[in-house]
Every structure is written in structure tokens, then in C-alpha cells.
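Beneath this line is the structure, given in C-alpha cells, with notes to follow.
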Amino acid sequence: MYPKATRAALAAAGLSLTGAAPAFAQSLDETVNQIFAASTGWFVNFIFSPFPGTSFPWIVAWLVAAATVFTFYFLFIQFRAFGHAISLVKGDYSDPDDAGEVSHFQALATALSGTVGLGNIAGVAVAVGIGGPGATFWMILAGLMGMASKFTECTLGVKYRNEYPDGTVSGGPMYYLTKGFAERGLPGGKFLAVMFSIFCILGALGGGNMFQSNQAHQQITGIVGPYPGWITGVIFAGVVFAVIVGGLKSIAKVTEKVVPFMGVLYVLSALVIIAMNADMIGWAFGQIFAGAFTGLGVAGGMVGALIQGFKRAAFSNEAGVGSAAIAHSAVRTKEPITEGFVSLLEPFIDTVVICTMTALVIIISGQLLTDPETGLYLVGESGMIQTADGTSGVSLTSAAFASAFSWFPYVLALAVVLFAFSTMISWSYYGLKAWTYLFGEGRGQELTFKVIFCIFVVIGAAANLGPVIDFSDAAIFAMAVVNVFGLYFLMPIVKRELDSYLARLKSGEIKKFH
Amino acid sequence: MSGIFVVGFDGSEAAHRALDFAIERAAAQGGTVLIAHVLEWSPYSFLTPNELEERHKRRREELERAETALMAPVVKKVSGRGAEIESVIRYGKIADVLCEIAKSKKAAQIFIGRNGHSALGARVFGSVASALVQTAPVPCTIVP
């Protein structure tokens with residue numbers, strides 16, 4: 001989700017929190033940091049360690065390799081089923097008698113609100129800021145491949161979910177790892193499921209919670225000036241508490257309506273800026289293609305651009321992490337594979353559309369400085385491309401949009417805060433599902449996790465717990481290690497579902513209703 | 001002329017007036033009254049993950065409540081007035097669903113009550129009556 005580089009860039013942009021925190025909290029932070037860093041550093045280093053002699057983290061290679069395997073195994077399902085996926089989302093194949101149940105559209109929208117966020121805004125700026133325009137090419141490629149990973153995990157999520165007598169459902173990797181492995185007669189499913197659940201809880205509290213409230217606070221202080229982070233934290237925690245514990249539907253309803261609106265507004269603004277500079281579109285794509293294979297002077301050349309692009313796609317759309325399988329498993333369908341088709345639109349929208357928009361606006365805005373004689377990008381000492389305003393990360397995106405619309409930074413700040421909130425709501429649910437898998441379903445167990453979650457909202461906003469957040473980022477990617485490992489063993493089951501469904505679709509047994 | 005008279009019913013006074021009006025006509029002609037209750041629902045609304053999980057359960061509860069609190073009492077009340085009574089509960093946009101029912105049942109007419117929203121209210125929230133007269137596949141009676 002959010003690599004160290006993103007945070008480093010954000011910190012470099014002068015959005016620091018610690019100055020505002022009370023002195024006692026600072027010393028507490030330091031103590032927590034030291035203990036935490038000492039005990040978990042090895043894990044973080046292990047997950048994010050690069051291949052020897054390169055700066056390419058093996059975890060990124062792991063996700064890209066998985067996406068490639070699934071793409072070939074399912075014979076480019078992301079392109080074959082793209083049109084059918086859109087028909088499913090439109091409701092063409094939905095039985096009118098099932099109206100009132102969760103629709104494909106609703107499952108997709110909810111899963112998307114968990115992945116679209118700061119990664120699409122700040123993360124892309126970091127990738128393009130280091131890897132140059134060429135990073136965009138590799139990011140799009142990785143996004144397209146990631147669609148096959150999502151397809152695989154979400155199909156399994158629906159197929160092996162638990163359905164309870166009261167009509168509620170629970171699904172996700174912990175369920176398909178257990179039941180799927182048992183069905184294939186393989187050992188170790190339960191062990192993988194428990195590992196996944198532990199990492200999922202840690203990831204939910206960190207990347208899906210503390211990092212979000214931290215970034216939301218930084219955005220707010222960027223506009224109204226510095227004030228103590230715990231104030232933001234308590235307000236956020238109060239709202240999150242009202243939604244997830246109090247079941248306050250109105251706030252959730254407002255957020256769930258405003259977040260897609262912000263997403264659309266963001267993409268439309270980007271499109272308007274691109275249209276205003278229509279004469280530069282050809283040049284921008286020229287830069288993207290040339291940069292992808294030569295680097296155009298960026299640190300590391302072509303490989304540097306490739307690493308940044310792959311990294312961004314993997315961190316942004318969470319394909320292979322397993323989180324989306326939890327959200328998608330609630331849909332009402334007789335055919336698990338249909339939810340797989342729908343979910344493959346997710347990396348497309350998140351990475352291929354939204355991330356690419358950000359990248360194009362940054363490239364077209366001319367924020368990245370080039371040498372007028374050679375046409376190559378000017379790289380600073382830190383390895384970052386020099387920018388017109390000296391900005392990076394989210395400030396670079398902000399500056400690029402502001403070059404066309406001066407008011408955009410305010411909209412962007414609001415968007416980041418709302419995206420952070422919706423990401424928190426989604427991850428509170430993912431964490432909760434993992435928690436109840438480990439400790440059993442029940443009101444007491446659920447309340448315990450929800451209260452812990454709200455406490456971490458305050459901690460995240462108030463403190464600058466770098467190592468804790470590093471650890472939870474690592475935990476999110478550890479989810480992918482366990483999940484993808486399991487997917488390799490379970491993919492023949494998906495293949496069987498796919499073949500059967502496509503045959504029935506062809507024979508006309510599966511009919512359109514509309 | 002016999003046939004099926006579809007009545008859009010939401011338990012309001014206006015709906016009762018429409019129902020009474022339809023039953024009188026159906027009884028005189030020997031027709032059937034189909035009482036239709038529509039639960040407002042859009043497959044394109046946004047839900048939280050928790051709402052997704054509970055949706056199936058909530059739907060079952062909503063259908064049960066609509067049946068026991070609304071439909072069963074009214075069916076009981078109007079039975080024996082000379083017209084055959086049927087009932088149906090569906091999800092969707094009210095006007096669209098009433099039209100679909102009319103089409104699939106080959107109904108002769110649709111009856112609804114006028115709920116008496118102000119012109120402003122109708123403009124903000126949309127009016128079932130005006131949507132229905134625009135799109136109904138069969139004659140449509142709006143009972144004041």
C-alpha cells in the first residue's frame with residue numbers, strides 16, 4: 001500500500017507531526033519506537049529486502065510473478081472477460097427476483113473504496129518522481145497483470161465463504177485456505193489461514209488505520225496550520241466508533257456517497273487538464289514509452305523506471321494481498337466465478353485509470369525538470385527528479401493540479417481525508433473478519449476488536465510511530481506471501497469453475513435477464 | 001371486462017383509497033386485484049462492508065416485516081368483498097416494478113393513490129405518479 005518512499009517524500013515535503021505532540025507523548029513515542037524497532041526490524045527488513053545487488057524488493061517480484069502466472073494460466077482472462085465483467089456490473093445477468101440482495105456493483109464499489117486512496121495520489125507522484133514518466137508504462141502493465149490475481153482470489157472468496165443460518169456471510173482467504181486445502185486433500189491450510197489472519201489484523205491496525213489517520217492529519221494541518229494530532233485522532237476515532245460500533249448508518253451512507261463522487265471528480269479534473277493540453281498528449285505518451293525502455297536519465301535507467309512502476313501498482317491495487325476477497329465474498333450469486341470477473345475491474349480502475357491520470361497530469365504539467373539540451377531528466381542528489389517547485393509526493397500531485405486549477409489543493413486535501421476515512425472503514429472490517437476467524441464469532445469478540453481499532457486511530461494521528469507503521473506495511477505484504485502461496489494450490493479449482501461457466505454461457509444455459 | 005388490476009400499496013391512506021376504488025371496479029367486473037408492495041431499492045447504491053455482509057439477513061427481515069405488518073392485515077381486511085385478491089412484495093424502483101408486474105401479469109390497469117406531496121416535495125424526491133403515467137404499459141388510474 002504505502003511504501004517507505006511515500007512516507008519519506010511526505011515527510012520531506014515538510015509535513016511533520018512530532019513538533020505538535022506533547023513532550024510526554026514524544027518520550028513515550030521514542031520508547032515505543034525503540035522497543036518496536038528492535039523486536040520487529042528483522043521482519044520489516046525481511047519483507048522489504050531487495051534482491052542482492054539491486055533495489056528491487058523481492059515482495060514486489062513475488063506479486064508480479066503471481067500476476068504473470070495467473071494471467072497465463074487463465075489465458076489472459078482479464079481481456080477475455082472484460083466485456084462480460086461490465087455486463088455483470090450493469091446487472092444484465094442479475095435475476096430480478098434477487099433484487100434487494102447485494103449486487104455486483106455494490107461489492108465492487110465497496111472493495112474499490114478500500115483500495116483507492118492516498119496511494120493513487122501520493123504514491124504515483126513518488127513513482128514518477130523517482131522513476132520518471134517511464135514508470136507509468138510499467139505501472140499500467142503490472143496493473144493489467146494484477147487483474148488476474150484479483151480474479152483468482154475473489155472467485156475463491158465467494159466459493160468458500162461461510163454462510164450462517166441467520167443469513168450473514170463471512171469470507172476471505174482464511175476460509176478458502178482452510179476449506180480449499182481440505183477439499184484438495186492438502187495439509188497446512190489451517191496453518192496458512194491462521195498466519196494470514198494474524199498478518200491481516202496487524203495490517204488493518206497499521207496500514208489500514210494508523211497510516212491513514214496520520215496522513216489525514218497531515219493534510220488538515222497543511223491547510224489550517226499545525227495543531228496537536230490527538231485532536232484529529234479523537235475526532236476520527238469518534239466518527240469511526242459511531243460507524244463500526246454504533247452502527248450509525250448516516251455517516252457511512254454520506255461517506256459512501258461522497259467518496260465515489262470525489263474519485264470521479266479527481267478523474268474528471270485530470271481529464272480536463274489533459275484535454276486543456278491536448279497538444280501535449282502525444283508528447284506525454286512519447287515520454288512514457290521512451291522512459292520505459294531508456295529511463296530518460298532517471299536513477300537506474302530502464303530498471304529504475306520498471307521497479308518504481310511495478311512497486312506502485314502492487315502497493316496500490318492490493319492484487320494478491322487477499323483483502324478484496326473479504327469484501328467481495330458477500331455478493332449474492334449462484335456462480336462464484338461471476339464475482340471473480342467483476343473484481344478484475346478493480347485493478348483496472350485503481351491502477352490503469354486513476355494512477356495513470358495522476359501520472360499524466362504530473363508529466364503534462366511540466367513539474368519534472370529536464371535538461372533543455374539532452375531532453376533527459378535532471379536528477380538530484382537524493383535520486384529524485386528535480387521538480388519546478390522542489391516538491392515531491394502528495395505535494396507534487398497537488399502542485400501539478402494547481403498549475404491548472406489554483407483551488408485544487410483544497411479539494412485534494414478533502415479527498416485525501418475522505419479516502420483515508422473510507423479506507424479505515426474497509427480495513428476495520430477486514431481486520432474484524434480475521435479477528436473473528438481466530439477468536440470466534442460473537443458480540444464480545446467483535447466489540448473488543450472494534451475498540452482496539454478506534455484506539456489505534458488516535459495513536460496513528462497523534463504519534464509519529466515510524467517503525468510501527470513500517471511493521472504493519474510489512475504485515476500487509478506478508479498477507480500476500482501467505483495468500484499467493486495458497487492461490488497456487490487452489491487455482492485448478494478456479495479453472496474448473498471458469499471452464500464450466502464459460503461452457504454454460506456459450507450454450508445459452510446462463511441467460512441475460514435484461 | 002375481467003382482468004387483473006394492479007394496486008401499488010404502501011399502507012398509506014391514499015393507498016387504501018386506491019385499493020378500495022380498485023376493489024369496487026374489480027368486484028363489479030369479476031376481476032382480480034393484485035396488491036403490490038415495493039421496497040425501494042437500487043442495486044447501484046453504496047454500502048459499507050458490514051452492510052454487504054448483513055444484506056441477505058436484512059432483506060429477509062424486511063420481507064417478513066412487509067408481509068406480517070402490511071400485507072397480511074390488508075389482504076385479510078379486503079377479502080370477501082367480491083374480488084379475487086392476490087399479493088406480491090418486490091424490491092426496486094416503485095414505478096419501474098409496478099410496470100414490470102403489469103407487463104408480466106398482463107394486467108388490465110394499474111391503480112395508485114396520490115400521496116399529496118407538495119409540488120416542491122415531488123420535484124425534490126420525484127413522484128411515483130408522474131413516473132408511472134409516463135411509462136405505464138397499461139391504463140393507469142391515480143386516486144386522489
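So you can find residues: chains in the C-alpha cells are A, B, ... in the order shown, residues in each start at 1, and ligands are numbered from 1 in order.
Proximity to chain B at a cut-off of 6 Å picks out Ala99, Gly100, Glu101, Ser103, Gln106, Gly167, Thr168, Val169, Glu256 and Ala330 of chain A on chain A, counting only C-alpha atoms.
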With C-alpha atoms retained, could you export that selection as a tab-separated table (two decimals), in the first residue's frame?
chain	number	residue	atom	x	y	z
A	99	ALA	CA	-33.41	-7.61	-6.14
A	100	GLY	CA	-32.64	-6.33	-2.67
A	101	GLU	CA	-29.60	-8.60	-2.32
A	103	SER	CA	-25.41	-6.55	-6.31
A	106	GLN	CA	-22.16	-2.78	-4.70
A	167	GLY	CA	-28.25	-15.14	6.59
A	168	THR	CA	-24.95	-13.35	7.24
A	169	VAL	CA	-21.75	-14.43	5.50
A	256	GLU	CA	-20.01	6.01	0.73
A	330	ALA	CA	-20.80	-11.01	0.46
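Every protein or nucleic acid residue with an atom no more than 7 Å from range 35-50 of chain A, counting only C-alpha atoms and leaving out same-chain residues fewer than 3 positions away, appears here: Thr31, Val32, Thr54, Ser55, Phe56, Pro57, Trp58, Ile59, Pro467, Val468, Asp470, Phe471 and Ala474 of chain A.
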Got time to write the residues from that selection, C-alpha atoms, as a short mmCIF file (atom, residue, chain, number, x, y, z; two decimals), in the first residue's frame?
data_model
loop_
_atom_site.label_atom_id
_atom_site.label_comp_id
_atom_site.auth_asym_id
_atom_site.auth_seq_id
_atom_site.Cartn_x
_atom_site.Cartn_y
_atom_site.Cartn_z
CA THR A 31 10.29 4.33 23.89
CA VAL A 32 7.66 2.56 21.81
CA THR A 54 19.59 -4.41 -6.77
CA SER A 55 17.00 -2.15 -5.17
CA PHE A 56 14.17 -4.45 -6.31
CA PRO A 57 12.24 -5.76 -3.28
CA TRP A 58 11.57 -9.49 -3.61
CA ILE A 59 8.00 -9.00 -2.37
CA PRO A 467 8.68 1.59 12.95
CA VAL A 468 5.15 0.55 13.96
CA ASP A 470 6.76 0.04 8.77
CA PHE A 471 5.83 -3.15 10.55
CA ALA A 474 5.23 -5.35 6.12
#
Exercise for the section: For Gly263 in chain A, work out the shell of residues within 9 Å, counting only C-alpha atoms and skipping chain neighbours fewer than 3 positions away, then give it as a list in words. Expected result: Val116, Gly117, Val258, Val259, Pro260, Tyr266, Val267, Leu268, Ile354, Ala415 and Phe419 of chain A
Residues just named, written with N, CA and C atoms as a PDB file, in the first residue's frame:
ATOM      1  N   VAL A 116      -8.752   2.548  -3.293  1.00  0.00           N
ATOM      2  CA  VAL A 116      -8.465   3.879  -3.852  1.00  0.00           C
ATOM      3  C   VAL A 116      -8.185   4.821  -2.692  1.00  0.00           C
ATOM      4  N   GLY A 117      -7.089   5.508  -2.767  1.00  0.00           N
ATOM      5  CA  GLY A 117      -6.744   6.389  -1.665  1.00  0.00           C
ATOM      6  C   GLY A 117      -5.458   7.131  -1.919  1.00  0.00           C
ATOM      7  N   VAL A 258     -20.011  10.211  -0.896  1.00  0.00           N
ATOM      8  CA  VAL A 258     -19.074  11.291  -1.203  1.00  0.00           C
ATOM      9  C   VAL A 258     -17.773  10.738  -1.793  1.00  0.00           C
ATOM     10  N   VAL A 259     -17.335   9.570  -1.287  1.00  0.00           N
ATOM     11  CA  VAL A 259     -16.061   9.024  -1.754  1.00  0.00           C
ATOM     12  C   VAL A 259     -16.062   8.724  -3.259  1.00  0.00           C
ATOM     13  N   PRO A 260     -17.067   8.028  -3.777  1.00  0.00           N
ATOM     14  CA  PRO A 260     -17.082   7.817  -5.238  1.00  0.00           C
ATOM     15  C   PRO A 260     -17.153   9.144  -5.984  1.00  0.00           C
ATOM     16  N   TYR A 266     -11.933  13.684  -9.125  1.00  0.00           N
ATOM     17  CA  TYR A 266     -10.484  13.632  -9.321  1.00  0.00           C
ATOM     18  C   TYR A 266     -10.140  13.249 -10.763  1.00  0.00           C
ATOM     19  N   VAL A 267     -10.791  12.184 -11.238  1.00  0.00           N
ATOM     20  CA  VAL A 267     -10.512  11.717 -12.605  1.00  0.00           C
ATOM     21  C   VAL A 267     -10.960  12.766 -13.632  1.00  0.00           C
ATOM     22  N   LEU A 268     -12.136  13.381 -13.393  1.00  0.00           N
ATOM     23  CA  LEU A 268     -12.625  14.397 -14.332  1.00  0.00           C
ATOM     24  C   LEU A 268     -11.683  15.598 -14.381  1.00  0.00           C
ATOM     25  N   ILE A 354      -6.976   5.428 -12.627  1.00  0.00           N
ATOM     26  CA  ILE A 354      -6.749   6.551 -11.702  1.00  0.00           C
ATOM     27  C   ILE A 354      -5.258   6.878 -11.551  1.00  0.00           C
ATOM     28  N   ALA A 415     -10.295  15.263  -0.409  1.00  0.00           N
ATOM     29  CA  ALA A 415     -10.352  13.917  -0.982  1.00  0.00           C
ATOM     30  C   ALA A 415      -9.489  12.952  -0.175  1.00  0.00           C
ATOM     31  N   PHE A 419     -10.867   9.706   1.589  1.00  0.00           N
ATOM     32  CA  PHE A 419     -10.329   8.408   1.168  1.00  0.00           C
ATOM     33  C   PHE A 419      -9.754   7.678   2.381  1.00  0.00           C
TER      34      PHE A 419
END
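Separating CA of Ile288 in chain A from CA of Ala135 in chain A is a distance of 7.4 Å.
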Exercise for the section: Considering only C-alpha atoms, return as an MDAnalysis selection string whatever protein or nucleic-acid residues lie within 8 Å of range 73-88 of chain A, sequence-local ones (same chain, fewer than 3 positions apart) excluded. Expected result: chainID A and resid 69:70 91:94 104 144:145 147:148 338 341:342 344:345 495
Using only C-alpha atoms, please write the residues we just selected to a file, as a PDB file, in the first residue's frame.
ATOM      1  CA  VAL A  69       1.353 -16.929 -13.630  1.00  0.00           C
ATOM      2  CA  PHE A  70      -2.394 -16.306 -13.211  1.00  0.00           C
ATOM      3  CA  GLY A  91     -26.881  -6.103 -13.809  1.00  0.00           C
ATOM      4  CA  ASP A  92     -27.587  -7.703 -17.201  1.00  0.00           C
ATOM      5  CA  TYR A  93     -27.328 -11.175 -15.686  1.00  0.00           C
ATOM      6  CA  SER A  94     -28.988 -10.407 -12.333  1.00  0.00           C
ATOM      7  CA  HIS A 104     -22.149  -6.976  -8.214  1.00  0.00           C
ATOM      8  CA  LEU A 144      -3.229  -5.206 -16.132  1.00  0.00           C
ATOM      9  CA  MET A 145      -1.495  -8.365 -14.903  1.00  0.00           C
ATOM     10  CA  MET A 147      -6.334  -8.184 -12.673  1.00  0.00           C
ATOM     11  CA  ALA A 148      -5.743 -11.943 -12.986  1.00  0.00           C
ATOM     12  CA  THR A 338     -19.007 -14.034 -11.678  1.00  0.00           C
ATOM     13  CA  PHE A 341     -14.963 -11.416 -13.289  1.00  0.00           C
ATOM     14  CA  VAL A 342     -16.305  -8.299 -11.566  1.00  0.00           C
ATOM     15  CA  LEU A 344     -10.856  -7.932 -12.161  1.00  0.00           C
ATOM     16  CA  LEU A 345     -12.188  -4.460 -12.968  1.00  0.00           C
ATOM     17  CA  LYS A 495     -10.026 -23.144 -13.634  1.00  0.00           C
TER      18      LYS A 495
END
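Near range 60-65 of chain A, within a cut-off of 10 Å and counting only C-alpha atoms, sit the residues Ile47, Phe48, Pro50, Phe51, Phe70, Thr71, Leu141, Ala142, Gly143, Met145, Gly146, Ser149, Ile307, Phe310, Lys311, Arg312, Ala313, Ala314, Phe315, Glu318, Ala319, Gly320, Val321, Phe477, Ala480, Val481, Val484 and Phe485 of chain A, with same-chain residues fewer than 5 positions away left out.
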Exercise for the section: Apply DSSP to the structure's backbone, then extract all residues of chain B labelled strand (DSSP E or B) and return them as an NGL selection string. Expected result: :B and (4-8 or 32-40 or 84-92 or 109-113 or 140-143)
Exercise for the section: Considering only C-alpha atoms, return as JSON, numbers by chain whatever protein or nucleic-acid residues lie within 8 Å of Leu19 in chain B, sequence-local ones (same chain, fewer than 2 positions apart) excluded. Expected result: {"B": [7, 9, 15, 16, 17, 21, 22, 23, 35, 111, 112]}
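Taking CA of Phe261 in chain A as the reference point, CA of Thr351 in chain A is found at 17.8 Å.
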Practice task
Enumerate, as an NGL selection string, the complete set of residues in range 193-414 of chain A that a backbone-based DSSP assignment places in helix (DSSP H, G or I).
Solution key: :A and (193-224 or 229-244 or 249-276 or 278-297 or 301-317 or 323-328 or 336-343 or 345-364 or 394-402 or 408-414)
I need the residues from that last selection saved to file as a compact mmCIF listing (two decimals), in the first residue's frame (with C-alpha atoms), if you can.
# COMPACT_ATOMS: atom_id res chain seq x y z
CA ALA A 193 -5.23 -19.34 7.41
CA VAL A 194 -4.03 -18.54 10.93
CA MET A 195 -0.89 -16.85 9.60
CA PHE A 196 -2.98 -14.85 7.15
CA SER A 197 -5.36 -13.76 9.90
CA ILE A 198 -2.54 -12.57 12.16
CA PHE A 199 -0.95 -10.53 9.37
CA CYS A 200 -4.35 -9.19 8.36
CA ILE A 201 -5.08 -7.90 11.87
CA LEU A 202 -1.66 -6.22 12.07
CA GLY A 203 -2.05 -4.75 8.58
CA ALA A 204 -5.55 -3.49 9.40
CA LEU A 205 -4.32 -1.69 12.50
CA GLY A 206 -1.29 -0.23 10.73
CA GLY A 207 -1.54 0.50 7.02
CA GLY A 208 -5.33 0.37 7.07
CA ASN A 209 -5.66 2.56 10.14
CA MET A 210 -2.72 4.36 11.78
CA PHE A 211 -1.13 5.37 8.49
CA GLN A 212 -4.49 6.66 7.23
CA SER A 213 -5.28 8.81 10.27
CA ASN A 214 -1.68 10.04 10.28
CA GLN A 215 -1.89 11.17 6.65
CA ALA A 216 -5.35 12.70 7.12
CA HIS A 217 -3.99 14.77 10.00
CA GLN A 218 -1.04 15.92 7.92
CA GLN A 219 -3.37 17.03 5.14
CA ILE A 220 -5.52 19.01 7.56
CA THR A 221 -2.54 20.72 9.19
CA GLY A 222 -1.26 21.53 5.70
CA ILE A 223 -4.37 23.68 5.24
CA VAL A 224 -5.25 25.05 8.68
CA GLY A 229 -2.55 15.28 16.25
CA TRP A 230 -4.58 13.70 19.03
CA ILE A 231 -7.39 16.17 18.30
CA THR A 232 -7.75 14.83 14.76
CA GLY A 233 -7.30 11.33 16.16
CA VAL A 234 -10.08 11.65 18.73
CA ILE A 235 -12.49 13.16 16.19
CA PHE A 236 -11.69 10.46 13.63
CA ALA A 237 -11.91 7.73 16.25
CA GLY A 238 -15.27 9.12 17.40
CA VAL A 239 -16.65 9.01 13.88
CA VAL A 240 -15.20 5.55 13.18
CA PHE A 241 -16.61 4.34 16.53
CA ALA A 242 -20.05 5.73 15.68
CA VAL A 243 -20.00 3.85 12.37
CA ILE A 244 -18.49 0.49 13.27
CA LYS A 249 -25.69 4.36 9.10
CA SER A 250 -25.99 8.03 8.22
CA ILE A 251 -22.25 8.76 8.40
CA ALA A 252 -21.40 5.63 6.46
CA LYS A 253 -24.06 6.50 3.90
CA VAL A 254 -22.70 10.02 3.45
CA THR A 255 -19.11 8.77 3.13
CA GLU A 256 -20.01 6.01 0.73
CA LYS A 257 -21.71 8.58 -1.49
CA VAL A 258 -19.07 11.29 -1.20
CA VAL A 259 -16.06 9.02 -1.75
CA PRO A 260 -17.08 7.82 -5.24
CA PHE A 261 -18.00 11.41 -6.03
CA MET A 262 -14.51 12.57 -5.02
CA GLY A 263 -12.99 9.77 -7.09
CA VAL A 264 -14.99 10.82 -10.15
CA LEU A 265 -14.17 14.50 -9.52
CA TYR A 266 -10.48 13.63 -9.32
CA VAL A 267 -10.51 11.72 -12.61
CA LEU A 268 -12.63 14.40 -14.33
CA SER A 269 -10.29 17.18 -13.16
CA ALA A 270 -7.37 15.20 -14.50
CA LEU A 271 -9.17 14.65 -17.82
CA VAL A 272 -9.93 18.37 -18.12
CA ILE A 273 -6.28 19.25 -17.50
CA ILE A 274 -5.20 16.65 -20.07
CA ALA A 275 -7.78 17.98 -22.57
CA MET A 276 -6.61 21.55 -21.98
CA ALA A 278 -4.36 18.13 -25.82
CA ASP A 279 -1.35 19.07 -27.96
CA MET A 280 0.92 17.52 -25.32
CA ILE A 281 -0.79 14.12 -25.06
CA GLY A 282 1.29 12.64 -27.89
CA TRP A 283 4.45 14.01 -26.33
CA ALA A 284 3.48 12.68 -22.87
CA PHE A 285 2.95 9.16 -24.21
CA GLY A 286 6.22 9.50 -26.12
CA GLN A 287 7.93 10.28 -22.81
CA ILE A 288 6.20 7.32 -21.16
CA PHE A 289 7.32 4.86 -23.86
CA ALA A 290 10.82 6.29 -24.27
CA GLY A 291 11.23 6.45 -20.50
CA ALA A 292 10.01 2.88 -20.05
CA PHE A 293 12.86 1.45 -22.14
CA THR A 294 15.64 4.02 -21.71
CA GLY A 295 14.81 5.73 -18.42
CA LEU A 296 15.49 9.16 -19.96
CA GLY A 297 18.23 9.80 -17.46
CA GLY A 301 17.70 3.86 -16.11
CA MET A 302 15.13 1.45 -17.52
CA VAL A 303 15.37 -0.85 -14.50
CA GLY A 304 14.82 2.12 -12.18
CA ALA A 305 11.64 3.06 -14.04
CA LEU A 306 10.46 -0.56 -14.03
CA ILE A 307 10.99 -1.01 -10.28
CA GLN A 308 9.08 2.15 -9.45
CA GLY A 309 6.19 1.30 -11.77
CA PHE A 310 5.81 -2.29 -10.57
CA LYS A 311 6.07 -1.22 -6.95
CA ARG A 312 3.39 1.43 -7.30
CA ALA A 313 0.92 -0.91 -8.99
CA ALA A 314 1.47 -3.66 -6.41
CA PHE A 315 1.16 -1.29 -3.46
CA SER A 316 -1.88 0.50 -4.85
CA ASN A 317 -4.31 -2.16 -6.04
CA SER A 323 -8.10 -8.12 1.24
CA ALA A 324 -10.51 -7.73 -1.69
CA ALA A 325 -11.58 -11.37 -1.38
CA ILE A 326 -13.04 -10.50 2.04
CA ALA A 327 -15.11 -7.59 0.67
CA HIS A 328 -16.32 -9.42 -2.44
CA PRO A 336 -18.70 -17.64 -7.59
CA ILE A 337 -16.81 -17.05 -10.83
CA THR A 338 -19.01 -14.03 -11.68
CA GLU A 339 -17.59 -12.19 -8.68
CA GLY A 340 -14.11 -13.01 -9.94
CA PHE A 341 -14.96 -11.42 -13.29
CA VAL A 342 -16.30 -8.30 -11.57
CA SER A 343 -13.30 -7.99 -9.27
CA LEU A 345 -12.19 -4.46 -12.97
CA GLU A 346 -10.75 -3.27 -9.66
CA PRO A 347 -7.02 -3.07 -10.53
CA PHE A 348 -8.10 -1.67 -13.88
CA ILE A 349 -9.97 1.26 -12.31
CA ASP A 350 -7.48 1.75 -9.48
CA THR A 351 -4.23 1.45 -11.36
CA VAL A 352 -4.79 1.61 -15.11
CA VAL A 353 -7.25 4.52 -14.90
CA ILE A 354 -6.75 6.55 -11.70
CA CYS A 355 -3.00 6.11 -11.20
CA THR A 356 -2.38 6.81 -14.89
CA MET A 357 -4.39 10.03 -14.69
CA THR A 358 -2.20 11.27 -11.83
CA ALA A 359 0.93 10.36 -13.76
CA LEU A 360 -0.25 12.08 -16.96
CA VAL A 361 -1.13 15.30 -15.14
CA ILE A 362 2.27 15.38 -13.46
CA ILE A 363 4.07 14.77 -16.77
CA ILE A 364 1.99 17.30 -18.72
CA VAL A 394 1.40 14.38 -2.49
CA SER A 395 2.65 17.97 -2.79
CA LEU A 396 3.92 17.20 -6.29
CA THR A 397 0.46 15.96 -7.33
CA SER A 398 -1.06 18.99 -5.67
CA ALA A 399 1.32 21.38 -7.48
CA ALA A 400 0.68 19.66 -10.81
CA PHE A 401 -3.10 20.04 -10.47
CA ALA A 402 -2.72 23.58 -9.08
CA PHE A 408 -7.41 22.14 -6.44
CA PRO A 409 -5.15 21.61 -3.40
CA TYR A 410 -8.17 22.17 -1.13
CA VAL A 411 -10.26 19.63 -2.99
CA LEU A 412 -7.32 17.25 -2.92
CA ALA A 413 -6.91 17.63 0.84
CA LEU A 414 -10.61 16.91 1.34
